[in-house]
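Engineer: This structure is in structure tokens; I'll ask about it shortly.
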Amino acid sequence: MSTIRFKALEVMLNRPAVKVTAPGNNVSDYFGTNVFDKDTMQKFLSKEPFNSVMVAVESGQQIDRKVAEQVASAMKTWATSKGATHYTHWFQPLTGSTAEKHDSFFELTDSGKAIENFSSSALVQQEPDASSFPSGGIRNTFEARGYTAWDPSSPAFIMESAAGKTLCIPTIFVSYTGETLDYKAPLLKALHALNEAAVPVCQYFDKNVTRVNATLGIEQEYFLVDSALFSARPDLVMTGRTLFGHEPAKGQQLEDHYFGSIPERVYSFMVDFEIEAFKLGIPLKTRHNEVAPSQFECAPVFEEINLAVDHNQLLMDLMDKVARRHSFKVLLHEKPYAGINGSGKHNNWSLGTNTGKNLLSPGKTPKTNLQFLTFFVNTIKAVHDHADLLRASIASAGNDHRLGANEAPPAIMSIFLGSQMTKILNEIEQKVTKDKMTTEQKTDLKLNIGKIPEILLDNTDRNRTSPFAFTGNKFEFRAVGSSANCSSAMVVLNTIVADQLKKFSSEVDALVAKNLKKDEAILRVLRSYIESSKKIRFEGNGYSDEWVKEAAKRGLSNIKTTPLALDNYLSKKSKELFVRNNVFTERELDARHEILLETYMKKIQIESRMLGDLAINHIIPTAIKYQNIILNNVGGMKNIGLDKISYNTQIDMLKDISLHIAIIKKTVDAMIEARKKANTIDHARPKAIAYCDKVVPHFETIRNSVDKLELMIDDELWTLPKYRELVFIK
């Protein structure tokens, strides 16, 4: 075994589990202790400013500066009492990561006295340098000004490290000219549009509804790898995935890892990051082994979407930091290893009212629950009408590897409803005519659901191959990638549903104005939507070749690559959608499209460079070294007079190794030339397409030869840790 691999494995095998101690006997003893949440705010604020903040958060109104001053003072008092010395505006630029610039509470008075101070101006607005963040042409490099603005709907929190504590204030990030430069601002706009569209629809059924919140539960899949092995794989370090690596004899085929006993070191890590998450108010509920070896999952309870997304971004950062204490590296790439499952981020989405009603919960009689059917069918219609845009929202270089296999949904957008809900929609389509419903027909719209003692059967099974599945009281958008900021998908989903609900209420009101009864008007419109959106519904195996053919017959898109998927952001239909709902301006859409293409291109460029480096500087020299060993063996056998038949096997091995070396070198050279040509292209779209169509195809050819060499070359010579070492945690 090579020295590099041996040392990495030796370090890994000698690692004990880190002992972890919780700060309380129960999670409830310390949950949210590092969060300036509603209860904490109430303790540090007088009644009037506290109520003003709550009203502003609920209504979306601007907080008065005088109130903001009192909030800033209370926030500083709380943070410093817990040991925080600095504060930062915590935001989500279009890099895909979070960003922060720390400032000290420390100030000097005119007399030179040191004090701790935090004003409303520091709370409400800051001015980080915007020039180095992606802007898609909105900002020139020399135009550095950008603003972060406080989002009071997401509570501030204290981030702890061994060296100190920092008060983090969730904010939006905008340019000097007002364009959004982050993920949060468009999400808040989309949620506002959804509330404005959903409340009037709710009031068809309940006049007490004054607010509708979209909720989200994010299941986060991830891989763990020992940090020593990670450091010995330059491709993992640089790209987050293994560019080479032959499948081990045992992978996930026995399905023995799924829900299996959690390894002790992993268990210790999970407990540790959960403790840190609980202190930050992240309501984690579930932990378990996933399907692939060394793959795991954690999931929180449902939260309002803005907070859920903030918590997921925070969680990913937290997991990475805590993993280092346990000598692990968290891999959030959608496909870190070939031949086993990739990782997703299942977005469980629903709608709730201020009266406590889940609008996507069928209850015991979904057929008679007209409110449920209204939001259920409108969501289906929205996805049907904007399926390609929804596909664009989850497009990335990493997700291109994952979609369509290994328990990831295909690139074809479809909706799974389950046999029972499908039957209900079919019956409504058949029985609700343009004429008035008879009493008998209304009576027929009843449901008899079988019961296991006191447990209502789910209204649907689960379809793991569906990108967008109804799972009883929510829709599960399974196609989101594990490294993604969920805002992208949620901006699109909430905007298309908002737009659809506006169309629905307009059509219903028009029928009511023609003296049709409200319920009959609603059913008539729903029936038309059920009819027109049927092609998006699919109950079968989304992985099958038959579905690809069937989807093509239905006219459903199968957009397999990111550059082409992203085109849907710029279609006339999409631009009009975002503009009329005040979520994006056309300029902002153009900028985001440019940024997403640039990000894709740069990730492929990095992978290409890393692949070439490893192939030329690691793989080929190792292969030649082994060739020389075989040549010496052949020479020795000749010298002692053995017949050629005695060393024919070695000669065949030499030929095979030479062939693979030649293929690797030739293909790497071709890949470099393709990259050079792509780099001469000025515009982002054709450049990204060139990388996708001309550079990426070389990856698999190079990998195939490298992986064959891995099986042929002496294990002691191979420098890179192998899959059997990477994916089985000791």
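By convention here, the chains of the structure tokens are called A, B, ... in the order presented, each chain's residues are numbered starting at 1, and ligands are numbered starting at 1 in the order presented.
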With only C-alpha atoms counted and 9 Å as the cut-off, give the residues of range 241-355 of chain A in contact with range 408-422 of chain A, each with its shortest interatomic distance in Å and the pair that gives it, as CSV.

Structural biologist:
residue,atom,partner,partner_atom,distance
A:Asn341,CA,A:Ala408,CA,7.8
A:Gly342,CA,A:Ala408,CA,7.2
A:Ser343,CA,A:Ala408,CA,8.0
A:Gly344,CA,A:Ala408,CA,7.4

Engineer: Range 217-299 of chain A near range 692-715 of chain A within 6 Å: what's each residue's closest atom pair and its distance in Å to one decimal, counting only C-alpha atoms, ordered by chain then ascending residue number, as JSON lines?

Structural biologist:
{"residue": "A:Phe244", "atom": "CA", "partner": "A:Arg703", "partner_atom": "CA", "distance": 5.6}
{"residue": "A:Gly245", "atom": "CA", "partner": "A:Asp707", "partner_atom": "CA", "distance": 5.7}
{"residue": "A:His246", "atom": "CA", "partner": "A:Asp707", "partner_atom": "CA", "distance": 5.0}

Engineer: Would you mind exporting the chosen residues as a PDB file, in the first residue's frame, restricted to N, CA, C and O atoms?

Structural biologist:
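Saved file out_28.pdb follows:
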ATOM      1  N   PHE A 244     -12.327   9.767  -9.848  1.00  0.00           N
ATOM      2  CA  PHE A 244     -11.943   8.392 -10.163  1.00  0.00           C
ATOM      3  C   PHE A 244     -12.387   7.495  -9.020  1.00  0.00           C
ATOM      4  O   PHE A 244     -12.728   7.948  -7.936  1.00  0.00           O
ATOM      5  N   GLY A 245     -12.322   6.197  -9.272  1.00  0.00           N
ATOM      6  CA  GLY A 245     -12.598   5.243  -8.204  1.00  0.00           C
ATOM      7  C   GLY A 245     -13.441   4.096  -8.696  1.00  0.00           C
ATOM      8  O   GLY A 245     -14.588   4.293  -9.118  1.00  0.00           O
ATOM      9  N   HIS A 246     -12.886   2.897  -8.650  1.00  0.00           N
ATOM     10  CA  HIS A 246     -13.633   1.721  -9.062  1.00  0.00           C
ATOM     11  C   HIS A 246     -14.579   1.301  -7.953  1.00  0.00           C
ATOM     12  O   HIS A 246     -14.256   1.403  -6.765  1.00  0.00           O
TER      13      HIS A 246
END

Engineer: According to DSSP computed on the backbone, where in range 304-364 of chain A is there strand (DSSP E or B)? Give the residues as a tab-separated table (two decimals) with C-alpha atoms, in the first residue's frame.

Structural biologist:
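Output file selection-v9.tsv follows:
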chain	number	residue	atom	x	y	z
A	304	GLU	CA	-42.17	28.65	8.08
A	328	PHE	CA	-14.72	13.81	9.64
A	329	LYS	CA	-15.44	15.73	6.50
A	330	VAL	CA	-19.08	16.22	5.50
A	331	LEU	CA	-19.69	15.70	1.78
A	344	GLY	CA	-30.75	15.07	-2.16
A	345	LYS	CA	-32.54	17.58	-0.02
A	346	HIS	CA	-36.19	16.57	0.05
A	347	ASN	CA	-38.35	19.68	0.40
A	348	ASN	CA	-41.62	18.83	2.15
A	349	TRP	CA	-43.86	21.79	1.33
A	350	SER	CA	-47.28	22.72	2.61
A	351	LEU	CA	-49.53	25.69	3.37
A	352	GLY	CA	-50.92	26.73	6.74
A	353	THR	CA	-53.33	29.42	7.88
A	358	ASN	CA	-53.07	22.76	6.99

Engineer: Which neighbours of Leu373 in chain A fall inside 10 Å, counting only C-alpha atoms, when residues of the same chain fewer than 5 positions from it are skipped, and could you give them as a list in words?

Structural biologist: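 So the residues in contact are Leu359, Leu360, Ser361, Pro362, Pro366, Lys367, Thr368, Asn378, Thr379, Met421, Ile424, Leu425, Ile522, Leu523 and Leu526 of chain A.
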
Engineer: Can I get the selected residues back with C-alpha atoms, as a PDB file, in the first residue's frame?

Structural biologist:
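selection_29.pdb, freshly written:
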ATOM      1  CA  LEU A 359     -54.494  23.550   3.560  1.00  0.00           C
ATOM      2  CA  LEU A 360     -53.011  20.373   2.051  1.00  0.00           C
ATOM      3  CA  SER A 361     -54.364  18.024   4.696  1.00  0.00           C
ATOM      4  CA  PRO A 362     -57.293  16.006   3.282  1.00  0.00           C
ATOM      5  CA  PRO A 366     -60.968  14.613   1.212  1.00  0.00           C
ATOM      6  CA  LYS A 367     -63.754  14.521  -1.359  1.00  0.00           C
ATOM      7  CA  THR A 368     -65.940  16.737   0.778  1.00  0.00           C
ATOM      8  CA  ASN A 378     -54.181  24.460  -7.982  1.00  0.00           C
ATOM      9  CA  THR A 379     -50.744  23.224  -6.927  1.00  0.00           C
ATOM     10  CA  MET A 421     -56.204  10.786  -4.780  1.00  0.00           C
ATOM     11  CA  ILE A 424     -60.872  11.163  -6.462  1.00  0.00           C
ATOM     12  CA  LEU A 425     -59.703  13.557  -9.179  1.00  0.00           C
ATOM     13  CA  ILE A 522     -65.192  26.369  -7.628  1.00  0.00           C
ATOM     14  CA  LEU A 523     -65.866  22.785  -8.734  1.00  0.00           C
ATOM     15  CA  LEU A 526     -61.229  22.744 -10.542  1.00  0.00           C
TER      16      LEU A 526
END

Engineer: With only C-alpha atoms as the atoms that count, which of A:Ser544, A:Asn208, A:Thr649, A:Ser393 lies nearest to Pro563 in chain A?

Structural biologist: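 Residue with the minimum atom-to-atom distance to Pro563 in chain A: A:Ser393.
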
Engineer: What residues in range 229-271 of chain A get the DSSP label helix (DSSP H, G or I)? Please answer as a ChimeraX atom specification.

Structural biologist: /A:229-231,234-239,264-271

Engineer: What lies within 12 Å of Asp64 in chain A using only C-alpha atoms, ignoring chain neighbours under 5 positions off, as a list in words?

Structural biologist: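 The residues satisfying every condition are Glu48, Pro49, Phe50, Ser52, Val53, Val55, Ala56, Glu69, Gln70, Val71, Ser120, Ser121 and Val124 of chain A.
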
Engineer: Need the shell around Ile394 in chain A: protein/DNA/RNA residues with any atom at most 8 Å away, counting only C-alpha atoms. Skip same-chain ones fewer than 4 positions apart. Format as a list in words?

Structural biologist: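 Here the qualifying residues turn out to be Leu390, Asn399, Ala479, Val480, Gly481, Ala484, Ser488 and Ala489 of chain A.
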
Engineer: Kindly indicate which residue among A:Ile138, A:Ala162, A:Ile536, A:Leu642 lies nearest to Val383 in chain A, using only C-alpha atoms for the distances.

Structural biologist: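 For Val383 in chain A, the nearest of the given residues is A:Ile536.
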